[in-house]
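Raw input.pdb, PDB, C-alpha atoms, pLDDT in the B column:
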ATOM      1  CA  MET D   1     -76.296  36.808   3.563  1.00 76.00           C
ATOM      2  CA  LEU D   2     -76.629  33.977   1.087  1.00 75.00           C
ATOM      3  CA  LEU D   3     -73.513  35.088  -0.629  1.00 77.00           C
ATOM      4  CA  ARG D   4     -71.702  35.160   2.671  1.00 80.00           C
ATOM      5  CA  THR D   5     -72.881  31.649   3.561  1.00 82.00           C
ATOM      6  CA  LEU D   6     -71.768  30.319   0.201  1.00 75.00           C
ATOM      7  CA  THR D   7     -68.398  32.005   0.523  1.00 84.00           C
ATOM      8  CA  TYR D   8     -67.692  30.209   3.793  1.00 80.00           C
ATOM      9  CA  SER D   9     -69.491  26.925   3.252  1.00 83.00           C
ATOM     10  CA  LEU D  10     -68.232  26.180  -0.260  1.00 79.00           C
ATOM     11  CA  PRO D  11     -64.531  25.985   0.741  1.00 81.00           C
ATOM     12  CA  CYS D  12     -65.431  23.917   3.796  1.00 79.00           C
ATOM     13  CA  LEU D  13     -67.446  21.536   1.654  1.00 78.00           C
ATOM     14  CA  LEU D  14     -64.569  21.312  -0.809  1.00 76.00           C
ATOM     15  CA  LEU D  15     -62.121  20.450   1.976  1.00 74.00           C
ATOM     16  CA  VAL D  16     -64.386  17.725   3.317  1.00 74.00           C
ATOM     17  CA  ALA D  17     -64.822  16.255  -0.158  1.00 72.00           C
ATOM     18  CA  CYS D  18     -61.078  16.162  -0.828  1.00 70.00           C
ATOM     19  CA  ALA D  19     -60.261  14.690   2.573  1.00 67.00           C
ATOM     20  CA  ASP D  20     -62.087  11.473   1.814  1.00 63.00           C
ATOM     21  CA  ALA D  21     -59.567   9.427  -0.195  1.00 61.00           C
ATOM     22  CA  PRO D  22     -60.128   5.835  -1.289  1.00 61.00           C
ATOM     23  CA  ASP D  23     -58.324   3.034   0.584  1.00 61.00           C
ATOM     24  CA  LYS D  24     -56.156   2.182  -2.395  1.00 58.00           C
ATOM     25  CA  TYR D  25     -54.186   5.387  -1.817  1.00 61.00           C
ATOM     26  CA  ARG D  26     -53.777   4.857   1.922  1.00 65.00           C
ATOM     27  CA  ASP D  27     -52.602   1.246   1.835  1.00 68.00           C
ATOM     28  CA  THR D  28     -49.092   0.980   0.327  1.00 70.00           C
ATOM     29  CA  HIS D  29     -48.480  -2.765   0.690  1.00 72.00           C
ATOM     30  CA  HIS D  30     -49.722  -3.314  -2.862  1.00 70.00           C
ATOM     31  CA  LEU D  31     -47.044  -1.080  -4.324  1.00 74.00           C
ATOM     32  CA  GLU D  32     -44.136  -2.651  -6.140  1.00 80.00           C
ATOM     33  CA  LEU D  33     -40.872  -2.782  -4.155  1.00 80.00           C
ATOM     34  CA  PRO D  34     -37.502  -2.156  -5.781  1.00 81.00           C
ATOM     35  CA  PRO D  35     -35.485  -5.298  -6.529  1.00 85.00           C
ATOM     36  CA  VAL D  36     -32.944  -6.534  -3.965  1.00 86.00           C
ATOM     37  CA  LEU D  37     -29.532  -6.794  -5.587  1.00 83.00           C
ATOM     38  CA  PRO D  38     -26.848  -9.088  -4.185  1.00 83.00           C
ATOM     39  CA  ILE D  39     -23.671  -7.296  -3.062  1.00 77.00           C
ATOM     40  CA  GLU D  40     -20.514  -8.966  -4.225  1.00 75.00           C
ATOM     41  CA  HIS D  41     -17.142  -7.978  -2.800  1.00 68.00           C
ATOM     42  CA  THR D  42     -14.519  -8.725  -5.404  1.00 70.00           C
ATOM     43  CA  ASN D  43     -11.746  -7.174  -3.270  1.00 70.00           C
ATOM     44  CA  PRO D  44     -12.608  -7.674   0.387  1.00 66.00           C
ATOM     45  CA  GLN D  45     -10.912  -5.146   2.649  1.00 65.00           C
ATOM     46  CA  PRO D  46      -9.339  -6.179   5.951  1.00 67.00           C
ATOM     47  CA  ALA D  47     -10.814  -4.845   9.152  1.00 66.00           C
ATOM     48  CA  LEU D  48      -9.071  -1.853  10.659  1.00 65.00           C
ATOM     49  CA  ALA D  49      -7.074  -2.260  13.820  1.00 65.00           C
ATOM     50  CA  VAL D  50      -7.181   0.349  16.573  1.00 62.00           C
ATOM     51  CA  ASP D  51      -3.599   1.354  15.772  1.00 61.00           C
ATOM     52  CA  ASP D  52      -4.555   2.104  12.157  1.00 63.00           C
ATOM     53  CA  LEU D  53      -6.697   5.027  13.265  1.00 61.00           C
ATOM     54  CA  LYS D  54      -3.932   6.711  15.283  1.00 61.00           C
ATOM     55  CA  PRO D  55      -1.917   9.301  13.440  1.00 58.00           C
ATOM     56  CA  LYS D  56       1.564   7.960  12.804  1.00 61.00           C
ATOM     57  CA  SER D  57       4.608  10.043  13.432  1.00 61.00           C
ATOM     58  CA  ALA D  58       6.861  10.849  10.515  1.00 61.00           C
ATOM     59  CA  LEU D  59       9.663   9.425  12.662  1.00 63.00           C
ATOM     60  CA  ALA D  60       7.922   6.093  13.331  1.00 65.00           C
ATOM     61  CA  ASP D  61      10.278   4.143  11.042  1.00 73.00           C
ATOM     62  CA  LEU D  62      13.381   5.334  12.921  1.00 80.00           C
ATOM     63  CA  MET D  63      13.215   2.508  15.441  1.00 82.00           C
ATOM     64  CA  ALA D  64      12.672  -1.243  15.431  1.00 84.00           C
ATOM     65  CA  PHE D  65      12.209  -3.217  18.648  1.00 84.00           C
ATOM     66  CA  THR D  66      11.937  -6.962  19.204  1.00 84.00           C
ATOM     67  CA  ASP D  67      11.625  -8.596  22.593  1.00 81.00           C
ATOM     68  CA  ASP D  68      11.986 -12.354  22.340  1.00 76.00           C
ATOM     69  CA  ALA D  69      13.637 -14.913  24.626  1.00 70.00           C
ATOM     70  CA  GLY D  70      14.308 -12.314  27.325  1.00 73.00           C
ATOM     71  CA  LYS D  71      16.903 -10.475  25.234  1.00 84.00           C
ATOM     72  CA  PRO D  72      15.337  -7.384  23.652  1.00 89.00           C
ATOM     73  CA  VAL D  73      16.914  -5.860  20.561  1.00 89.00           C
ATOM     74  CA  LEU D  74      16.616  -2.124  19.921  1.00 91.00           C
ATOM     75  CA  THR D  75      17.626  -0.928  16.461  1.00 92.00           C
ATOM     76  CA  LEU D  76      17.762   2.737  15.460  1.00 91.00           C
ATOM     77  CA  ASN D  77      17.484   3.305  11.710  1.00 90.00           C
ATOM     78  CA  THR D  78      19.293   6.609  11.486  1.00 89.00           C
ATOM     79  CA  ARG D  79      22.732   8.184  11.289  1.00 90.00           C
ATOM     80  CA  PRO D  80      25.205   7.346  14.087  1.00 91.00           C
ATOM     81  CA  ASP D  81      25.299  10.917  15.444  1.00 92.00           C
ATOM     82  CA  ARG D  82      21.518  11.118  15.532  1.00 90.00           C
ATOM     83  CA  ALA D  83      21.228   7.714  17.235  1.00 91.00           C
ATOM     84  CA  TRP D  84      23.805   8.876  19.796  1.00 93.00           C
ATOM     85  CA  GLU D  85      21.687  11.961  20.578  1.00 93.00           C
ATOM     86  CA  MET D  86      18.500   9.866  20.825  1.00 91.00           C
ATOM     87  CA  VAL D  87      20.066   7.504  23.373  1.00 94.00           C
ATOM     88  CA  ALA D  88      21.608  10.403  25.321  1.00 94.00           C
ATOM     89  CA  THR D  89      18.229  12.165  25.445  1.00 93.00           C
ATOM     90  CA  ALA D  90      16.441   8.952  26.492  1.00 93.00           C
ATOM     91  CA  LEU D  91      18.933   8.484  29.346  1.00 94.00           C
ATOM     92  CA  LYS D  92      18.382  12.063  30.468  1.00 93.00           C
ATOM     93  CA  ILE D  93      14.581  11.776  30.279  1.00 91.00           C
ATOM     94  CA  SER D  94      14.676   8.500  32.237  1.00 90.00           C
ATOM     95  CA  ASN D  95      16.844  10.023  35.012  1.00 90.00           C
ATOM     96  CA  ILE D  96      19.597   7.461  34.541  1.00 92.00           C
ATOM     97  CA  GLU D  97      22.966   8.553  35.872  1.00 91.00           C
ATOM     98  CA  VAL D  98      25.584   8.671  33.103  1.00 93.00           C
ATOM     99  CA  LEU D  99      29.046   7.953  34.533  1.00 94.00           C
ATOM    100  CA  ASP D 100      31.051   8.154  31.325  1.00 94.00           C
ATOM    101  CA  LYS D 101      30.362   8.538  27.618  1.00 93.00           C
ATOM    102  CA  SER D 102      32.406   8.426  24.464  1.00 93.00           C
ATOM    103  CA  GLN D 103      30.837   9.325  21.141  1.00 92.00           C
ATOM    104  CA  GLU D 104      33.907   8.097  19.263  1.00 93.00           C
ATOM    105  CA  ASP D 105      33.488   4.606  20.747  1.00 93.00           C
ATOM    106  CA  GLN D 106      29.669   4.888  20.630  1.00 93.00           C
ATOM    107  CA  ARG D 107      29.550   3.960  24.340  1.00 95.00           C
ATOM    108  CA  PHE D 108      27.746   5.099  27.491  1.00 96.00           C
ATOM    109  CA  GLN D 109      28.559   3.906  30.988  1.00 95.00           C
ATOM    110  CA  VAL D 110      25.600   4.310  33.337  1.00 93.00           C
ATOM    111  CA  ARG D 111      24.520   3.426  36.872  1.00 90.00           C
ATOM    112  CA  TYR D 112      21.076   1.835  36.768  1.00 87.00           C
ATOM    113  CA  ASP D 113      18.725  -0.027  39.105  1.00 83.00           C
ATOM    114  CA  PRO D 114      15.991  -1.863  37.137  1.00 81.00           C
ATOM    115  CA  ASP D 115      13.729  -1.892  40.196  1.00 76.00           C
ATOM    116  CA  THR D 116      13.368   1.888  40.121  1.00 73.00           C
ATOM    117  CA  SER D 117      13.542   2.311  36.315  1.00 62.00           C
ATOM    118  CA  GLY D 118      15.297   5.624  36.765  1.00 54.00           C
ATOM    119  CA  LYS D 119      12.600   7.049  39.072  1.00 53.00           C
ATOM    120  CA  ASP D 120      12.942   8.087  42.673  1.00 52.00           C
ATOM    121  CA  VAL D 121      10.850   5.707  44.769  1.00 50.00           C
ATOM    122  CA  GLY D 122      10.136   5.646  48.466  1.00 54.00           C
ATOM    123  CA  LEU D 123      12.186   3.666  50.983  1.00 51.00           C
ATOM    124  CA  LEU D 124       9.442   1.109  51.664  1.00 50.00           C
ATOM    125  CA  ARG D 125       8.900   0.436  47.968  1.00 50.00           C
ATOM    126  CA  ALA D 126      12.649   0.137  47.380  1.00 47.00           C
ATOM    127  CA  LEU D 127      12.911  -2.482  50.147  1.00 53.00           C
ATOM    128  CA  LEU D 128       9.911  -4.534  49.005  1.00 58.00           C
ATOM    129  CA  ASN D 129      10.657  -4.443  45.294  1.00 57.00           C
ATOM    130  CA  ASN D 130      14.335  -5.302  45.103  1.00 61.00           C
ATOM    131  CA  ASP D 131      14.808  -8.017  42.489  1.00 64.00           C
ATOM    132  CA  TYR D 132      17.837  -6.364  40.929  1.00 70.00           C
ATOM    133  CA  ASP D 133      20.953  -4.780  42.367  1.00 73.00           C
ATOM    134  CA  GLU D 134      22.017  -1.310  41.283  1.00 80.00           C
ATOM    135  CA  ALA D 135      24.969  -1.802  38.963  1.00 84.00           C
ATOM    136  CA  GLU D 136      27.022  -0.161  36.259  1.00 89.00           C
ATOM    137  CA  TYR D 137      26.027  -0.959  32.699  1.00 90.00           C
ATOM    138  CA  THR D 138      27.719  -0.262  29.391  1.00 94.00           C
ATOM    139  CA  ILE D 139      25.484   0.775  26.513  1.00 94.00           C
ATOM    140  CA  LYS D 140      27.063   0.374  23.089  1.00 95.00           C
ATOM    141  CA  LEU D 141      25.759   1.431  19.718  1.00 94.00           C
ATOM    142  CA  LYS D 142      26.875  -1.076  17.112  1.00 93.00           C
ATOM    143  CA  GLU D 143      26.510  -0.276  13.422  1.00 91.00           C
ATOM    144  CA  GLU D 144      24.953  -3.116  11.446  1.00 89.00           C
ATOM    145  CA  ARG D 145      23.379  -3.577   8.039  1.00 87.00           C
ATOM    146  CA  ARG D 146      19.830  -2.806   9.233  1.00 83.00           C
ATOM    147  CA  GLY D 147      20.781   0.152  11.467  1.00 88.00           C
ATOM    148  CA  LEU D 148      22.465   0.904  14.783  1.00 91.00           C
ATOM    149  CA  THR D 149      21.807  -1.754  17.402  1.00 93.00           C
ATOM    150  CA  VAL D 150      21.711  -0.602  21.027  1.00 93.00           C
ATOM    151  CA  ASN D 151      23.249  -3.203  23.359  1.00 92.00           C
ATOM    152  CA  ALA D 152      23.500  -3.082  27.142  1.00 91.00           C
ATOM    153  CA  SER D 153      25.630  -5.267  29.373  1.00 89.00           C
ATOM    154  CA  LEU D 154      26.985  -5.255  32.899  1.00 88.00           C
ATOM    155  CA  THR D 155      30.270  -3.397  33.087  1.00 85.00           C
ATOM    156  CA  LYS D 156      31.581  -5.680  35.855  1.00 81.00           C
ATOM    157  CA  PRO D 157      29.432  -8.841  36.089  1.00 76.00           C
ATOM    158  CA  GLU D 158      31.558 -10.215  38.929  1.00 75.00           C
ATOM    159  CA  ASP D 159      30.643  -7.246  41.169  1.00 68.00           C
ATOM    160  CA  LEU D 160      26.923  -8.062  41.051  1.00 66.00           C
ATOM    161  CA  GLU D 161      26.027  -8.754  44.704  1.00 65.00           C
ATOM    162  CA  PHE D 162      22.572 -10.277  44.198  1.00 61.00           C
ATOM    163  CA  GLY D 163      19.746 -10.427  41.705  1.00 63.00           C
ATOM    164  CA  GLU D 164      19.863 -10.768  37.984  1.00 74.00           C
ATOM    165  CA  ASP D 165      21.414  -8.902  35.106  1.00 79.00           C
ATOM    166  CA  GLY D 166      19.116  -5.934  34.395  1.00 82.00           C
ATOM    167  CA  SER D 167      20.455  -5.089  30.943  1.00 86.00           C
ATOM    168  CA  ALA D 168      17.238  -6.323  29.283  1.00 87.00           C
ATOM    169  CA  GLU D 169      15.229  -3.964  31.504  1.00 88.00           C
ATOM    170  CA  LEU D 170      17.549  -1.100  30.564  1.00 90.00           C
ATOM    171  CA  ILE D 171      16.968  -1.713  26.837  1.00 91.00           C
ATOM    172  CA  ARG D 172      13.189  -1.877  27.428  1.00 90.00           C
ATOM    173  CA  LEU D 173      13.325   1.422  29.333  1.00 91.00           C
ATOM    174  CA  LEU D 174      15.355   3.076  26.553  1.00 92.00           C
ATOM    175  CA  HIS D 175      12.853   1.803  23.968  1.00 90.00           C
ATOM    176  CA  LYS D 176       9.931   3.167  25.961  1.00 90.00           C
ATOM    177  CA  ALA D 177      11.593   6.563  26.449  1.00 90.00           C
ATOM    178  CA  ILE D 178      12.587   6.887  22.782  1.00 89.00           C
ATOM    179  CA  ASP D 179       9.192   5.700  21.551  1.00 87.00           C
ATOM    180  CA  GLU D 180       6.950   7.748  23.865  1.00 86.00           C
ATOM    181  CA  LYS D 181       9.025  10.842  24.600  1.00 85.00           C
ATOM    182  CA  ILE D 182      11.138  11.392  21.478  1.00 84.00           C
ATOM    183  CA  ILE D 183       9.557   9.797  18.402  1.00 81.00           C
ATOM    184  CA  ASN D 184       5.828   9.756  19.221  1.00 74.00           C
ATOM    185  CA  ARG D 185       5.590  12.635  21.658  1.00 66.00           C
ATOM    186  CA  PRO D 186       2.593  14.955  21.390  1.00 63.00           C
ATOM    187  CA  PRO D 187       3.463  18.002  19.278  1.00 57.00           C
ATOM    188  CA  ASP D 188       2.680  20.466  22.075  1.00 56.00           C
ATOM    189  CA  LYS D 189       5.260  18.994  24.483  1.00 52.00           C
ATOM    190  CA  LYS D 190       8.965  19.665  24.496  1.00 50.00           C
ATOM    191  CA  ALA D 191      11.582  16.890  24.274  1.00 46.00           C
ATOM    192  CA  ASP D 192      13.059  17.557  27.719  1.00 47.00           C
ATOM    193  CA  GLU D 193       9.791  16.964  29.629  1.00 45.00           C
TER     194      GLU D 193
END

Structure re-expressed in structure tokens:
Amino acid sequence: MLLRTLTYSLPCLLLVACADAPDKYRDTHHLELPPVLPIEHTNPQPALAVDDLKPKSALADLMAFTDDAGKPVLTLNTRPDRAWEMVATALKISNIEVLDKSQEDQRFQVRYDPDTSGKDVGLLRALLNNDYDEAEYTIKLKEERRGLTVNASLTKPEDLEFGEDGSAELIRLLHKAIDEKIINRPPDKKADE
């Protein structure tokens, strides 16, 4: 029995003796802290913009667009035949009626109403939002040093019944269609959607 008592009490006594640790091991505020080193940026990096995180299309450099003083300029940095196909596809995607086209002259003749932007809108909306008159426009691709410039103008400015010249709106619509549906379209969508 004594042996049994010693067998159980000795480990318990040992545990109690080891559990009592001096305060110097419990309190760590006396320990030495590592030194604080100053951080010097010899080459500061600029902050990232939201656009920097988006994946860029391999075709992103095919188009340049500036919109200043109400006269937007759309420049396509590619071969003339490819630029022709891009504009033709943008017109088709935007549901703009093409009246005549000539690839030799690099010209499209279209019927366009800037109020509808190529979309079918309801009768009430068409009556309330009617700043421009539907008219015929000529889109020309002009080869320049920096690429092919896409210009739009009224075919017959004297036939404009009311409103303003909507050629600037036509160029903006072509830019949007080329940018969103042709160049930067999601890879799982087809070009004719």

Q) Counting all atoms listed in the file, which of D:Asp68, D:Glu136, D:Asp100, D:Asp81 gets nearest to D:Tyr112? A)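 Distance minimum relative to D:Tyr112 lands on D:Glu136.
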
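Comparing D:Ile93, D:Pro38, D:Thr7, D:Cys18 by their smallest distance to D:Asp179, the closest is D:Ile93 (using all atoms listed in the file).
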
Q: Might you spell out which residues the PyMOL selection byres ((chain D and resi 167) around 8) would select in the displayed file, as a ChimeraX atom specification?
A: /D:137,152-154,165-166,168-171

Q: Apply the PyMOL selection byres ((chain D and resi 146) around 9) to the displayed file and report the matching residues as an MDAnalysis selection string.
A: chainID D and resid 75:77 143:145 147:149

Q) Of the candidates D:Leu2, D:Ile183, D:Ile139, D:Ala69, which one gets nearest to D:Met86 if we count only C-alpha atoms? A)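 For D:Met86, the nearest of the given residues is D:Ile183.
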
Q: Please indicate the distance in Å from atom CA of D:Lys181 to atom CA of D:Arg82, rounded to one decimal place.
A: 15.4 Å

Q: Could you give me, as JSON, numbers by chain, the residues within 6 Å of D:Val150, counting only C-alpha atoms and dropping anything in the same chain fewer than 2 positions from it?
A: {"D": [74, 140, 141]}

Q. Which distance in Å separates atom CA of D:Arg111 and atom CA of D:Lys71, to one decimal?
A.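 Distance reported for this atom pair: 19.7 Å.
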
Q) Any idea what the distance is between atom CA of D:Thr78 and atom CA of D:Leu62? A)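 Interatomic distance, atom CA of D:Thr78 to atom CA of D:Leu62: 6.2 Å.
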
Q | Picked residues, the PyMOL selection byres ((chain D and resi 97) around 6), as a ChimeraX atom specification | A | /D:96,98,110-111

Q. Using only C-alpha atoms, which of the listed residues (D:Glu40, D:Ala90, D:Ile178, D:Lys142) sits closest to D:Asp105?
A.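 Ranking D:Glu40, D:Ala90, D:Ile178, D:Lys142 by distance to D:Asp105, first place goes to D:Lys142.
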
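Shortest separation to D:Ile182 among D:Met63, D:Pro114, D:Glu134, D:Arg79 occurs at residue D:Met63, atoms counted being all atoms listed in the file.
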